[in-house]
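**Student:** Following this line is final.pdb, made up of PDB, N, CA and C atoms:
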```pdb
ATOM      1  N   PRO W   1     -10.902  30.890   6.604
ATOM      2  CA  PRO W   1      -9.556  30.309   6.511
ATOM      3  C   PRO W   1      -9.588  28.796   6.287
ATOM      4  N   ALA W   2     -10.522  28.095   6.896
ATOM      5  CA  ALA W   2     -10.584  26.641   6.715
ATOM      6  C   ALA W   2     -10.872  26.281   5.269
ATOM      7  N   ALA W   3     -11.806  26.990   4.642
ATOM      8  CA  ALA W   3     -12.128  26.727   3.235
ATOM      9  C   ALA W   3     -10.931  27.039   2.347
ATOM     10  N   ALA W   4     -10.219  28.099   2.648
ATOM     11  CA  ALA W   4      -9.039  28.461   1.862
ATOM     12  C   ALA W   4      -7.951  27.399   2.009
ATOM     13  N   THR W   5      -7.804  26.851   3.196
ATOM     14  CA  THR W   5      -6.821  25.790   3.427
ATOM     15  C   THR W   5      -7.157  24.568   2.596
ATOM     16  N   VAL W   6      -8.411  24.146   2.624
ATOM     17  CA  VAL W   6      -8.837  22.988   1.850
ATOM     18  C   VAL W   6      -8.641  23.242   0.356
ATOM     19  N   ASP W   7      -8.985  24.445  -0.109
ATOM     20  CA  ASP W   7      -8.803  24.787  -1.523
ATOM     21  C   ASP W   7      -7.328  24.694  -1.921
ATOM     22  N   ARG W   8      -6.441  25.213  -1.091
ATOM     23  CA  ARG W   8      -5.003  25.154  -1.399
ATOM     24  C   ARG W   8      -4.510  23.714  -1.455
ATOM     25  N   LEU W   9      -4.984  22.903  -0.522
ATOM     26  CA  LEU W   9      -4.559  21.496  -0.501
ATOM     27  C   LEU W   9      -5.087  20.736  -1.711
ATOM     28  N   ARG W  10      -6.340  20.964  -2.067
ATOM     29  CA  ARG W  10      -6.898  20.296  -3.253
ATOM     30  C   ARG W  10      -6.177  20.735  -4.519
ATOM     31  N   ASP W  11      -5.809  22.003  -4.584
ATOM     32  CA  ASP W  11      -5.054  22.517  -5.728
ATOM     33  C   ASP W  11      -3.700  21.811  -5.823
ATOM     34  N   ALA W  12      -3.055  21.617  -4.679
ATOM     35  CA  ALA W  12      -1.758  20.929  -4.664
ATOM     36  C   ALA W  12      -1.899  19.476  -5.093
ATOM     37  N   VAL W  13      -3.008  18.822  -4.717
ATOM     38  CA  VAL W  13      -3.255  17.446  -5.157
ATOM     39  C   VAL W  13      -3.363  17.409  -6.670
ATOM     40  N   GLN W  14      -4.137  18.329  -7.231
ATOM     41  CA  GLN W  14      -4.340  18.359  -8.689
ATOM     42  C   GLN W  14      -3.050  18.645  -9.435
ATOM     43  N   LYS W  15      -2.235  19.563  -8.910
ATOM     44  CA  LYS W  15      -0.994  19.951  -9.579
ATOM     45  C   LYS W  15       0.149  18.978  -9.301
ATOM     46  N   GLY W  16       0.002  18.183  -8.249
ATOM     47  CA  GLY W  16       1.092  17.283  -7.874
ATOM     48  C   GLY W  16       2.261  18.016  -7.243
ATOM     49  N   THR W  17       1.984  19.128  -6.553
ATOM     50  CA  THR W  17       3.047  19.917  -5.946
ATOM     51  C   THR W  17       3.139  19.674  -4.450
ATOM     52  N   ARG W  18       4.320  19.922  -3.920
ATOM     53  CA  ARG W  18       4.537  19.814  -2.477
ATOM     54  C   ARG W  18       4.101  21.104  -1.803
ATOM     55  N   VAL W  19       3.707  20.967  -0.535
ATOM     56  CA  VAL W  19       3.332  22.128   0.256
ATOM     57  C   VAL W  19       3.979  22.029   1.631
ATOM     58  N   TRP W  20       4.123  23.188   2.259
ATOM     59  CA  TRP W  20       4.499  23.262   3.663
ATOM     60  C   TRP W  20       3.205  23.372   4.445
ATOM     61  N   ILE W  21       3.071  22.627   5.527
ATOM     62  CA  ILE W  21       1.919  22.813   6.413
ATOM     63  C   ILE W  21       2.414  23.019   7.838
ATOM     64  N   GLY W  22       1.692  23.845   8.557
ATOM     65  CA  GLY W  22       1.857  23.948   9.995
ATOM     66  C   GLY W  22       0.829  23.001  10.591
ATOM     67  N   TYR W  23       1.189  22.264  11.629
ATOM     68  CA  TYR W  23       0.297  21.239  12.155
ATOM     69  C   TYR W  23       0.402  21.162  13.667
ATOM     70  N   LEU W  24      -0.745  21.000  14.324
ATOM     71  CA  LEU W  24      -0.798  20.784  15.774
ATOM     72  C   LEU W  24      -1.119  19.326  16.048
ATOM     73  N   ASP W  25      -0.304  18.671  16.867
ATOM     74  CA  ASP W  25      -0.598  17.279  17.201
ATOM     75  C   ASP W  25      -1.656  17.215  18.306
ATOM     76  N   GLN W  26      -1.968  16.016  18.767
ATOM     77  CA  GLN W  26      -3.026  15.838  19.769
ATOM     78  C   GLN W  26      -2.691  16.501  21.100
ATOM     79  N   GLN W  27      -1.414  16.718  21.370
ATOM     80  CA  GLN W  27      -1.008  17.384  22.602
ATOM     81  C   GLN W  27      -0.895  18.901  22.430
ATOM     82  N   GLY W  28      -1.199  19.384  21.220
ATOM     83  CA  GLY W  28      -1.133  20.822  20.961
ATOM     84  C   GLY W  28       0.247  21.321  20.589
ATOM     85  N   GLN W  29       1.180  20.406  20.345
ATOM     86  CA  GLN W  29       2.531  20.790  19.927
ATOM     87  C   GLN W  29       2.548  21.095  18.440
ATOM     88  N   SER W  30       3.138  22.211  18.075
ATOM     89  CA  SER W  30       3.163  22.588  16.662
ATOM     90  C   SER W  30       4.409  22.039  15.973
ATOM     91  N   SER W  31       4.256  21.773  14.685
ATOM     92  CA  SER W  31       5.374  21.320  13.869
ATOM     93  C   SER W  31       5.166  21.827  12.450
ATOM     94  N   SER W  32       6.242  21.789  11.689
ATOM     95  CA  SER W  32       6.191  22.135  10.266
ATOM     96  C   SER W  32       6.480  20.879   9.475
ATOM     97  N   ARG W  33       5.733  20.675   8.418
ATOM     98  CA  ARG W  33       5.919  19.474   7.601
ATOM     99  C   ARG W  33       5.981  19.859   6.128
ATOM    100  N   ILE W  34       6.715  19.104   5.370
ATOM    101  CA  ILE W  34       6.718  19.194   3.904
ATOM    102  C   ILE W  34       5.942  17.970   3.430
ATOM    103  N   VAL W  35       4.835  18.217   2.717
ATOM    104  CA  VAL W  35       3.926  17.131   2.353
ATOM    105  C   VAL W  35       3.644  17.158   0.853
ATOM    106  N   GLU W  36       3.599  15.972   0.254
ATOM    107  CA  GLU W  36       3.129  15.804  -1.119
ATOM    108  C   GLU W  36       1.701  15.269  -1.013
ATOM    109  N   PRO W  37       0.704  16.150  -1.102
ATOM    110  CA  PRO W  37      -0.688  15.728  -0.906
ATOM    111  C   PRO W  37      -1.150  14.745  -1.974
ATOM    112  N   VAL W  38      -1.908  13.737  -1.539
ATOM    113  CA  VAL W  38      -2.465  12.740  -2.443
ATOM    114  C   VAL W  38      -3.983  12.842  -2.484
ATOM    115  N   ARG W  39      -4.590  13.114  -1.302
ATOM    116  CA  ARG W  39      -6.048  13.117  -1.222
ATOM    117  C   ARG W  39      -6.499  14.033  -0.086
ATOM    118  N   VAL W  40      -7.615  14.729  -0.319
ATOM    119  CA  VAL W  40      -8.269  15.526   0.719
ATOM    120  C   VAL W  40      -9.715  15.074   0.754
ATOM    121  N   GLU W  41     -10.086  14.359   1.828
ATOM    122  CA  GLU W  41     -11.467  13.891   1.953
ATOM    123  C   GLU W  41     -11.736  13.442   3.377
ATOM    124  N   GLY W  42     -13.003  13.482   3.758
ATOM    125  CA  GLY W  42     -13.413  13.000   5.066
ATOM    126  C   GLY W  42     -12.773  13.734   6.229
ATOM    127  N   GLY W  43     -12.391  14.998   6.016
ATOM    128  CA  GLY W  43     -11.774  15.770   7.088
ATOM    129  C   GLY W  43     -10.293  15.517   7.280
ATOM    130  N   PHE W  44      -9.672  14.816   6.325
ATOM    131  CA  PHE W  44      -8.253  14.490   6.436
ATOM    132  C   PHE W  44      -7.496  14.816   5.151
ATOM    133  N   LEU W  45      -6.238  15.161   5.325
ATOM    134  CA  LEU W  45      -5.277  15.254   4.235
ATOM    135  C   LEU W  45      -4.426  13.999   4.311
ATOM    136  N   THR W  46      -4.311  13.287   3.203
ATOM    137  CA  THR W  46      -3.414  12.144   3.112
ATOM    138  C   THR W  46      -2.308  12.507   2.139
ATOM    139  N   GLY W  47      -1.068  12.269   2.541
ATOM    140  CA  GLY W  47       0.034  12.601   1.663
ATOM    141  C   GLY W  47       1.351  12.061   2.192
ATOM    142  N   TYR W  48       2.363  12.135   1.347
ATOM    143  CA  TYR W  48       3.698  11.699   1.721
ATOM    144  C   TYR W  48       4.356  12.808   2.528
ATOM    145  N   ASP W  49       4.697  12.523   3.753
ATOM    146  CA  ASP W  49       5.341  13.467   4.657
ATOM    147  C   ASP W  49       6.849  13.287   4.533
ATOM    148  N   ALA W  50       7.502  14.234   3.869
ATOM    149  CA  ALA W  50       8.945  14.134   3.656
ATOM    150  C   ALA W  50       9.711  14.194   4.978
ATOM    151  N   THR W  51       9.154  14.854   5.967
ATOM    152  CA  THR W  51       9.806  14.967   7.265
ATOM    153  C   THR W  51       9.901  13.610   7.954
ATOM    154  N   ARG W  52       8.855  12.812   7.821
ATOM    155  CA  ARG W  52       8.820  11.492   8.454
ATOM    156  C   ARG W  52       9.131  10.359   7.484
ATOM    157  N   ALA W  53       9.270  10.668   6.199
ATOM    158  CA  ALA W  53       9.543   9.672   5.156
ATOM    159  C   ALA W  53       8.486   8.573   5.156
ATOM    160  N   ALA W  54       7.206   8.993   5.244
ATOM    161  CA  ALA W  54       6.112   8.031   5.265
ATOM    162  C   ALA W  54       4.809   8.719   4.862
ATOM    163  N   VAL W  55       3.860   7.927   4.400
ATOM    164  CA  VAL W  55       2.533   8.458   4.104
ATOM    165  C   VAL W  55       1.820   8.694   5.436
ATOM    166  N   GLN W  56       1.245   9.861   5.587
ATOM    167  CA  GLN W  56       0.572  10.246   6.828
ATOM    168  C   GLN W  56      -0.821  10.773   6.533
ATOM    169  N   ARG W  57      -1.677  10.730   7.556
ATOM    170  CA  ARG W  57      -2.988  11.372   7.490
ATOM    171  C   ARG W  57      -2.997  12.506   8.508
ATOM    172  N   PHE W  58      -3.426  13.674   8.046
ATOM    173  CA  PHE W  58      -3.472  14.854   8.895
ATOM    174  C   PHE W  58      -4.913  15.317   9.019
ATOM    175  N   ALA W  59      -5.397  15.531  10.234
ATOM    176  CA  ALA W  59      -6.733  16.071  10.441
ATOM    177  C   ALA W  59      -6.742  17.526   9.966
ATOM    178  N   LEU W  60      -7.676  17.860   9.085
ATOM    179  CA  LEU W  60      -7.708  19.207   8.513
ATOM    180  C   LEU W  60      -7.847  20.278   9.588
ATOM    181  N   HIS W  61      -8.607  20.003  10.648
ATOM    182  CA  HIS W  61      -8.808  21.030  11.673
ATOM    183  C   HIS W  61      -7.552  21.296  12.506
ATOM    184  N   ARG W  62      -6.529  20.466  12.352
ATOM    185  CA  ARG W  62      -5.265  20.683  13.069
ATOM    186  C   ARG W  62      -4.217  21.395  12.225
ATOM    187  N   ILE W  63      -4.520  21.622  10.945
ATOM    188  CA  ILE W  63      -3.578  22.314  10.060
ATOM    189  C   ILE W  63      -3.705  23.813  10.297
ATOM    190  N   THR W  64      -2.582  24.438  10.646
ATOM    191  CA  THR W  64      -2.596  25.861  11.003
ATOM    192  C   THR W  64      -2.195  26.773   9.856
ATOM    193  N   GLY W  65      -1.614  26.223   8.811
ATOM    194  CA  GLY W  65      -1.211  27.031   7.666
ATOM    195  C   GLY W  65      -0.763  26.152   6.521
ATOM    196  N   VAL W  66      -0.873  26.699   5.311
ATOM    197  CA  VAL W  66      -0.452  25.987   4.105
ATOM    198  C   VAL W  66       0.257  26.978   3.196
ATOM    199  N   ALA W  67       1.375  26.567   2.621
ATOM    200  CA  ALA W  67       2.075  27.400   1.647
ATOM    201  C   ALA W  67       2.668  26.500   0.583
ATOM    202  N   GLU W  68       2.552  26.950  -0.674
ATOM    203  CA  GLU W  68       3.184  26.202  -1.759
ATOM    204  C   GLU W  68       4.692  26.332  -1.636
ATOM    205  N   ILE W  69       5.380  25.273  -2.025
ATOM    206  CA  ILE W  69       6.845  25.302  -2.041
ATOM    207  C   ILE W  69       7.266  25.657  -3.461
ATOM    208  N   ASP W  70       8.153  26.611  -3.563
ATOM    209  CA  ASP W  70       8.625  27.063  -4.866
ATOM    210  C   ASP W  70       9.282  25.907  -5.602
ATOM    211  N   GLN W  71       8.718  25.569  -6.762
ATOM    212  CA  GLN W  71       9.239  24.446  -7.545
ATOM    213  C   GLN W  71      10.483  24.803  -8.345
ATOM    214  N   ALA W  72      10.843  26.084  -8.396
ATOM    215  CA  ALA W  72      12.009  26.526  -9.172
ATOM    216  C   ALA W  72      13.275  26.479  -8.318
ATOM    217  N   THR W  73      13.541  25.316  -7.719
ATOM    218  CA  THR W  73      14.706  25.177  -6.851
ATOM    219  C   THR W  73      15.760  24.274  -7.470
ATOM    220  N   GLY W  74      15.686  24.086  -8.782
ATOM    221  CA  GLY W  74      16.686  23.277  -9.461
ATOM    222  C   GLY W  74      16.356  21.817  -9.520
ATOM    223  N   ASP W  75      15.082  21.442  -9.359
ATOM    224  CA  ASP W  75      14.683  20.042  -9.443
ATOM    225  C   ASP W  75      14.941  19.481 -10.813
TER
END
```
Show how you would write the structure in this file as structure tokens.

**Tutor:**
Amino acid sequence: PAAATVDRLRDAVQKGTRVWIGYLDQQGQSSSRIVEPVRVEGGFLTGYDATRAAVQRFALHRITGVAEIDQATGD
């Protein structure tokens, strides 16, 4: 699953698409984020977090799920 997560994130970086991620913070609290991935390296995902309106770094081992967001929403 970890390799599949990284593959999905790298694919989103290449395509320039947004993804939904499930994420656990340092206290173990889960959240859902909409992210525009920019880079996957060094054990981190870097991308624009639409939920927080800021560029964020996410530890890959804390990401619990990844799903592409359907781009056919009238953009």

**Student:** Using only C-alpha atoms, pick whichever of W:Tyr48, W:Ala54, W:Val35, W:Arg10 has the shortest atom-to-atom distance to W:Tyr23.

**Tutor:** W:Val35

**Student:** Convert the output of the PyMOL selection byres ((chain W and resi 33) around 8) on the shown file into explicit residues, formatted as a count of residues only.

**Tutor:** 15

**Student:** Which of these, W:Leu45, W:Leu9, W:Val38, W:Ala3, has the shortest distance to W:Val66 once you count only N, CA and C atoms?

**Tutor:**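 The closest residue to W:Val66 is W:Leu9.
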
**Student:** So what does the PyMOL selection byres (((chain W and resi 13 and name CA) around 10) and name CA) actually pick up in this one, as a VMD selection string?

**Tutor:** chain W and resid 7 to 12 14 to 19 36 to 40 45 to 47

**Student:** I need every residue sitting at most 7 Å from the point (-5.2, 23.6, 18.8) (coordinates as in the file, only C-alpha atoms considered), written as number ranges by chain.

**Tutor:** W: 24, 28, 62

**Student:** Quick one: distance from atom C of W:Asp25 to atom N of W:Ala2 in Å, one decimal?

**Tutor:**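 Going from atom C of W:Asp25 over to atom N of W:Ala2 covers 18.1 Å.
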
**Student:** Could you work out how far atom CA of W:Thr64 lies from atom CA of W:Glu41, giving the answer in Å with one decimal?

**Tutor:**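 Computing it gives 17.4 Å between the two atoms.
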
**Student:** Please, what is the axis-aligned box for every listed atom of stretch 10-19 of chain W with 6 Å on each side, as centre and edge lengths in Å to one decimal, as lines of an AutoDock Vina configuration file?

**Tutor:**
```
center_x = -1.2
center_y = 19.9
center_z = -4.0
size_x = 23.4
size_y = 17.2
size_z = 23.2
```

**Student:** Take atom CA of W:Gly43 and atom CA of W:Val6 and report the distance between them in Å, one decimal.

**Tutor:** 9.4 Å

**Student:** I need the strand (DSSP E) residues of stretch 23-67 of chain W per DSSP on the backbone, written as a PyMOL selection string.

**Tutor:** chain W and resi 23-24+30-41+44-49+54-59+63-67

**Student:** Can you pull out every residue from stretch 3-72 of chain W that DSSP, working from the backbone, puts in alpha helix (DSSP H), and format the result as a ChimeraX atom specification?

**Tutor:** /W:3-15

**Student:** Let me know the residues the PyMOL selection byres ((chain W and resi 58) around 5) catches in the file above, as a PyMOL selection string.

**Tutor:** chain W and resi 44-46+56-57+59-60
